[in-house]
Structure formats: structure tokens, C-alpha cells
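Student: Once you've had a glance at the structure underneath, I'll fire off some questions.
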Amino acid sequence: MKTKNLLAIVVLLMTVVQGFSQQRVMDSLQKRLAAAKTDTARIDLLIELAVAHLYTQPDTATWFCSLAIEAARKIKDYRREALALNRRGGAQFVKGNLADALKHWQTSLRIAQQINDVSLIARNWGNIGSIYSEIGSYDISLIYKTKSLHMFEAIGHQERICMQLNNIGGTYNYLKKYDSAEFFFNRALPIAQEHSKYLLPTIYSNLAEIALAKQQYAQAAAYHTQSLQLAQQLGNKREQSISYRIGASIDLATGLVNSARKKAMLAIQAAKEAQSKLELYRAYEVMSKVLFAARDYLQAYQAIDSAILYKDSVQSQTTKNALQIFEYERKQGEIALLKAQQAAEVASKERQQQWIVSVGLLGMVSLSVFSFFIYRSHKKEQRSAALLRQKNADLIHTQEQLQKKNNDITASIQYASRIQQAMLPPTERIAKVLPEHFIFFCPRDIVSGDFYWFSEQDDKCIIVAADCTGHGVPGALMSMIGSELLNQIINVQNITSPDIILQKLHSGISEALHQQESANRDGMDVALCTVDLHNRTLEYAGAMNPLYYVQNGVFHEIKADKRPIGGLPKNNAECRFQKHRILLTETPTTFYICSDGYQDQFGGKKGQKFMVKNFKNLLHEIANLPMEMQQQHLSKTFNQWKGNEPQVDDVLVIGFRI
């Protein structure tokens, strides 16, 4: 009891000290406001007072913003008007009035765009992204937040860069894309340590939540401790509630039920002081889980009732806000459309009047000149019209026949594409064995000469990237032959050694196409990996296609044998392939196998090939990113390089991390 009393006294003293400190700041600002001699100084102080009251008294903050907006409009100071509108939107956001917040932020955005205030434009983009995150439209939220981040990066505003990195990470966390979320949080952390210390508790809480989701409990506990200490130093009750709640979840996951119960109670108390319904719902939800684990079922059900009460309140308000937002945007769209229609009607009438006058004058001048020629050519036109109608009819008939044949061919190829897609291994099956992987597959035509293949045999898995001769329909036929042969060699004959698989594949292609008796030289280039997760090894063999991998930050290349699969070997020698073995260390290693379509693509400013060197440098640069982000980066770079150039070949890049 003595310890609890002492703790309560310390907390009370801290609250009193913080209250006195905050009041001194308010008094100082109000004295400066009374002494302000210029309109601009008065407006700046009104905005400062609004910011000071934002998280404690949002209604008071709204009132100060209204005074600042009115004063700025009187002196036509558009930048300060837009800034005050932005702060008023923030006050409405804190209150949970999302529709009003959106209205003020969009108005602020329009003014900022008119005066070209890049920083304020970026701030409003980020704020609007937060609105969409709150109503669950995460894809739209990411678009706004990413746009804001890029603008702040362009002007070097470190504090705002940090905030948007953290916000983007939070959206990925909601989407349960934990690697991407962690990537953005880790980017934000060093910036916050130098420029934005008030964001540190939030970032550490977010990192703790990610570590908890990944079952990295020691790391999660360390992040939780840092977050809680910083939140207490700042006197931020909402962040304290979040930190206590995450701490309770960590303790519950590690079996420390009593400790979890204490932290859940502290989370509830802090959420009440912060007047945050959302955090109260989350805190009671965690408390119910803790009480169930403690077998205190009566209180657990009471906690569930409280959680449901706050959840219903939050969801009801969120639904209402979402409807208000969509209704507001619909009305804005209707207003914009009406204005555009009115402008178009005015312009149309003006053009009609000008056209009538011009045509009238031109007609009067031209009538006398051309009347004779019209009469003389009339008979000639009658004779040629009949002949032209017949030619047009013949041409239309021919076009219809060609269009029908083209439609039939296209439909057949599209059906073939569905068959080819069905033969490719589902990514879900690959993810069960290699959870960190991506496949960037971009056929040049409807069907592809590139294909990938995957199988599991005992404790091993085999993954293949193949590039068949040609592309389109011929390449697709070769890919189906290759896929079926791999199935026979690996799944039926149970062969897993990559060099023997390639040797058997070569023989199978040669026999299937009767290459010993005919002049056919078709085949494929292949990179094949056998991963032994039990013995922590990877074996590779390649026919023309190499293996790239990054281990301990160093880029490695294992060159393939300079012979394809299929065709006749020189001097009738037996076709053999070299096997390479790589030990998988404790440090994660990222591997890449691919066709040559990416590096052979023409584009850039001079219309040149992308080249092998640039492709390898690109892989090295992105190797430490989450796999899904690597795929996005490869796709974006490829499309930017290609530009308006046609795609020259099928493209296949497979990456996986072990």
C-alpha cells in the first residue's frame, strides 16, 4: 500500500507541475497577444494559442483559429489564412469531426496551391491521408501520405518527413504488412531522435507492436519501455495509454498475467484522462483478454461490455463521419461539374455566335465564286458516287472478315493464356515454404515464353525461372512442354539435384522436338535452385541464366553454363551442367533468378538497353527492402525506363530470402 500511495503522489505531483508549466506557456502567449502591434504578429500568436490548446481544449483551439482566419482575410494574408484553416482542421480532427476537418483541410489546400506554398500543400495532403486512414480507406490514405512525404523530401523538411514516414508505417501496420511498416518506422526513428523528439514515443510504440506481431517479445518489451518513459516525460496521456496497452499485450503473450493486468488498468486510466474513446475501447479489449487468462470471468465479461460500448460509439461516429465525408466530396464534385457546365455553355454560345457571323460572311463571298463549279461537277459526282459506294461495300465486307478472324485468334490466345496461368504454381503454395519471396512476371504478349515452376520434395524445394525460345504463342508452347518435363523429372522420378534435372530436361526437349533428326534448335535458358532448409544449403545449376545473391551486404553472381536447354551440343558431346552449393548462414540471404527480358528492354533518354550492369546494381540497392517493396520497385523502374518504347521480350524476376 505504501508503494502504491507513493506512486500516486508522484503521478499527482508530475501532473500539477505539468499543469503549472502549461499554464505559464498560455499566460505568456496571451500577454504577447495583448502587446502585439501588427496584424501579422497578432495572427501568428492566435495560431500559436490554437496549437497550445489543440490536444487539451480543442473547442478553445477552434475559437482561436476562427479569430486568426477572420483577421487574415481582412488583410488578405492568404498564407496565414491557409495555415489557420489547417490548424482548425486539426482541432476538428482531435474532436473526431472528420467531415469538418476534411472541409477545412481541403479549403486550406486550395489556397496553398494558389499561392504555391509547397510546405502547406504537403501538410494538407498528409492530413487528408489521415482522414482516409481513420475511415478505413487505407489505399487512398497511402496515396495522400506518400504524396505528402515526397513533397517534404523535396524541400528537406525533416520533422514533417519523420511524421509522414511514421504515418505511412502506421497504415501498413493496419494492413498487416509488417515488414513494410517496420521499414518506414525504422526510417522515421533516427530523424525523430534528431528533429522530432515528441514523435519518439509513437514510433517506439509502433515498433513494439510490430515486434509483438512477429513474436519477438524481448525486442517488443525494450521498445515498450522506451516508449513509456518518453510518453511520461512529455506528459502525453494518449501515448501513455497506448504504451501501457502494448505492454499488457506483451506480458500476456509471455505468460506474465499479473503484470499484464496492472498495465491494462493503467492503460484504461490514461485513456480516460486523455478522453480518447478509441483508446478506451482498445484498452478494455486487452483487459478482457487478460482477465480471461487470469480466469476472472465475471470481470472479463464486464470488460468486454465496456469495450463493446466504446467500440460501438467509435464505429458509429466513424460510419457517420465516413458518410459525411463522401457526401461532402459528392457535393463538391457536383458544384465543380455545374460550374464547368455553365462555363462550357457560355463558351459554346460565344463560339456559335462567332461561327454564325464568320460563316455568313464567308458564304456571301464564296457563293458567287463556287456556284458555277457546283453545277458543273454535279453530274460527275453522280457517276463516281455509284462506283465509290460499291468499293466501300467491298472494303467493309473485307474489314468485317478480317475483324472476325482477328477476334477468333485473340479469343483462342486468351484461352491459351488461362491454360498457361493454370499451369503456373500458386504463389500461396510457394509462400508456405518461402514466405519472403516475390515474382515479377510481365509477359510481352497475351501468352508468355517465360515461365516459373515450383515443387516440394521431402525437406527440399525446387524453384525454376525459364526463358523459352521466342515469345507469344511459340514461346508459350515451349513453356508448356518444359513445365510438363519438369513435373516428370522432379515429381515422378524424384530427382532433386539441379545439374541432373537440367541434363534430363535437355534430353527431354531434344526428344520431344526430334532434334537429332530435324533441323529444330528451339529450347530454353534456365536457372534452377534446390533449397534444403533442413541442412541449410542451396544448390544451383544454370543454362545461360545466372544466379545472383546478396549475403552480409555483399553482391555475388554465379555464372551459368554457356549452353541452353535443347538443340544439339557441339561435337555431339553429352550435355552436362555444373552444380554450385551455397551455405545458408544465420544472416538472411536474398537470392534472384531471372530471364534476360529486364536487362534487354530499350528505353531511357537515349533509347538504349537497360543492360546487365544496371540490373545487378538495382538488385543490390533493393536487396534489404521487404520483398513486396522490391517487386514494386522493380516494376516502377522498368515502366519508367520503358516509357513509350514497346516491350521487347517477356520479363521474369524471382526473388526469395532465406
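Residue numbering restarts at 1 in every chain; chains get A, B, ... in the order shown in the C-alpha cells, and ligands count up from 1 in that same order.
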What lies within 9 Å of Ala267 of chain A using only C-alpha atoms, ignoring chain neighbours under 2 positions off, as a PyMOL selection string?

Tutor: chain A and resi 238+240-246+248+262-265+269-272+279-280+283-284

Student: Quick one: everything within 9 Å of Tyr174 of chain A, counting only C-alpha atoms, minus sequence neighbours fewer than 6 positions away in the same chain. Send it as a PyMOL selection string.

Tutor: chain A and resi 133+136+138+181

Student: List the neighbours of Trp105 of chain A out to 7 Å using only C-alpha atoms; skip same-chain residues closer than 5 positions along the sequence, and give me the result as an MDAnalysis selection string.

Tutor: chainID A and resid 85:86 89 124 128

Student: Would you export the selected residues with N, CA and C atoms as a short mmCIF file (atom, residue, chain, number, x, y, z; two decimals), in the first residue's frame, please?

Tutor:
data_model
loop_
_atom_site.label_atom_id
_atom_site.label_comp_id
_atom_site.auth_asym_id
_atom_site.auth_seq_id
_atom_site.Cartn_x
_atom_site.Cartn_y
_atom_site.Cartn_z
N LEU A 85 -6.63 27.78 -41.21
CA LEU A 85 -7.61 26.77 -41.64
C LEU A 85 -7.07 25.37 -41.38
N ASN A 86 -5.78 25.19 -41.64
CA ASN A 86 -5.16 23.88 -41.40
C ASN A 86 -5.23 23.52 -39.91
N GLY A 89 -8.73 22.63 -38.89
CA GLY A 89 -8.99 21.25 -39.27
C GLY A 89 -8.41 20.27 -38.27
N ASN A 124 -1.25 19.52 -45.86
CA ASN A 124 -2.67 19.21 -46.07
C ASN A 124 -2.86 17.85 -46.74
N ILE A 128 -5.13 14.95 -44.99
CA ILE A 128 -6.24 14.29 -45.69
C ILE A 128 -6.01 12.77 -45.71
#

Student: When you look at segment 149-152 of chain A with a cut-off of 7 Å (counting only C-alpha atoms), what residues show up, excluding the ones that are within fewer than 5 positions of it in the same chain? I need them as a list of chain:residue names.

Tutor: A:Ser119, A:Ala122, A:His157, A:Arg160, A:Ile161, A:Gln164

Student: Can you pull out every residue from segment 442-616 of chain A that DSSP, working from the backbone, puts in strand (DSSP E), and format the result as a short mmCIF file (atom, residue, chain, number, x, y, z; two decimals) with C-alpha atoms, in the first residue's frame?

Tutor:
data_model
loop_
_atom_site.label_atom_id
_atom_site.label_comp_id
_atom_site.auth_asym_id
_atom_site.auth_seq_id
_atom_site.Cartn_x
_atom_site.Cartn_y
_atom_site.Cartn_z
CA CYS A 442 5.41 -9.32 -67.14
CA ASP A 450 8.95 -17.12 -69.80
CA PHE A 451 7.59 -19.33 -67.04
CA TYR A 452 8.34 -20.25 -63.44
CA TRP A 453 7.98 -23.63 -61.72
CA PHE A 454 7.98 -24.82 -58.09
CA SER A 455 7.80 -28.13 -56.22
CA GLU A 456 8.45 -29.62 -52.77
CA GLN A 457 10.24 -32.93 -52.26
CA LYS A 460 13.69 -29.67 -50.18
CA CYS A 461 12.03 -27.25 -52.54
CA ILE A 462 12.90 -26.60 -56.19
CA ILE A 463 12.28 -23.24 -57.84
CA VAL A 464 12.86 -22.56 -61.54
CA ALA A 465 12.98 -19.49 -63.80
CA ALA A 466 12.92 -20.38 -67.52
CA ASP A 467 13.10 -18.35 -70.74
CA CYS A 468 11.93 -20.29 -73.81
CA MET A 524 15.16 -22.60 -73.25
CA ASP A 525 17.50 -20.83 -70.81
CA VAL A 526 17.03 -21.97 -67.22
CA ALA A 527 18.12 -21.04 -63.67
CA LEU A 528 17.25 -23.76 -61.16
CA CYS A 529 17.69 -23.77 -57.36
CA THR A 530 17.21 -26.62 -54.90
CA VAL A 531 16.79 -25.32 -51.33
CA ASP A 532 17.47 -27.74 -48.45
CA THR A 537 22.09 -25.26 -48.19
CA LEU A 538 21.11 -24.03 -51.64
CA GLU A 539 22.24 -25.82 -54.81
CA TYR A 540 22.12 -24.10 -58.19
CA ALA A 541 22.67 -25.06 -61.81
CA GLY A 542 22.07 -22.78 -64.78
CA ALA A 543 21.76 -22.96 -68.54
CA LEU A 547 22.13 -16.80 -60.00
CA TYR A 548 22.54 -13.54 -58.08
CA TYR A 549 22.51 -13.31 -54.30
CA VAL A 550 23.27 -10.78 -51.54
CA GLN A 551 24.78 -12.08 -48.31
CA VAL A 554 27.86 -8.25 -50.49
CA PHE A 555 26.54 -8.90 -54.02
CA HIS A 556 27.52 -12.25 -55.58
CA GLU A 557 26.99 -13.74 -59.02
CA ILE A 558 27.29 -17.40 -60.02
CA HIS A 580 27.11 -24.98 -57.23
CA ARG A 581 26.42 -25.16 -53.48
CA ILE A 582 25.89 -22.19 -51.14
CA LEU A 583 25.78 -22.47 -47.35
CA THR A 589 20.49 -14.20 -47.77
CA THR A 590 18.47 -12.82 -50.69
CA PHE A 591 18.55 -14.75 -53.99
CA TYR A 592 17.47 -13.75 -57.52
CA ILE A 593 16.88 -15.83 -60.66
CA CYS A 594 15.53 -14.30 -63.83
CA PHE A 602 15.06 -0.46 -74.55
CA GLY A 603 14.23 2.90 -73.01
CA GLN A 608 19.23 2.15 -75.10
CA LYS A 609 19.08 -1.23 -73.36
#

Student: Hey, what's within 8 Å of Phe183 of chain A if we count only C-alpha atoms and toss same-chain stuff fewer than 5 positions away? As a ChimeraX atom specification, please?

Tutor: /A:169,625-626

Student: With all heavy atoms retained, could you export that selection as an mmCIF file, in the first residue's frame?

Tutor:
data_model
loop_
_atom_site.group_PDB
_atom_site.id
_atom_site.type_symbol
_atom_site.label_atom_id
_atom_site.label_comp_id
_atom_site.auth_asym_id
_atom_site.auth_seq_id
_atom_site.Cartn_x
_atom_site.Cartn_y
_atom_site.Cartn_z
ATOM 1 N N GLY A 169 3.951 4.094 -42.188
ATOM 2 C CA GLY A 169 4.186 2.832 -41.477
ATOM 3 C C GLY A 169 2.944 2.383 -40.719
ATOM 4 O O GLY A 169 2.611 1.192 -40.696
ATOM 5 N N LEU A 625 15.284 -4.346 -48.778
ATOM 6 C CA LEU A 625 13.887 -3.929 -48.634
ATOM 7 C C LEU A 625 12.994 -5.148 -48.410
ATOM 8 O O LEU A 625 13.344 -6.266 -48.776
ATOM 9 C CB LEU A 625 13.415 -3.202 -49.895
ATOM 10 C CG LEU A 625 14.087 -1.875 -50.235
ATOM 11 C CD1 LEU A 625 13.549 -1.357 -51.556
ATOM 12 C CD2 LEU A 625 13.863 -0.843 -49.136
ATOM 13 N N PRO A 626 11.789 -4.951 -47.833
ATOM 14 C CA PRO A 626 10.811 -6.049 -47.801
ATOM 15 C C PRO A 626 10.533 -6.537 -49.223
ATOM 16 O O PRO A 626 10.558 -5.754 -50.180
ATOM 17 C CB PRO A 626 9.570 -5.390 -47.184
ATOM 18 C CG PRO A 626 10.093 -4.228 -46.415
ATOM 19 C CD PRO A 626 11.300 -3.736 -47.154
#
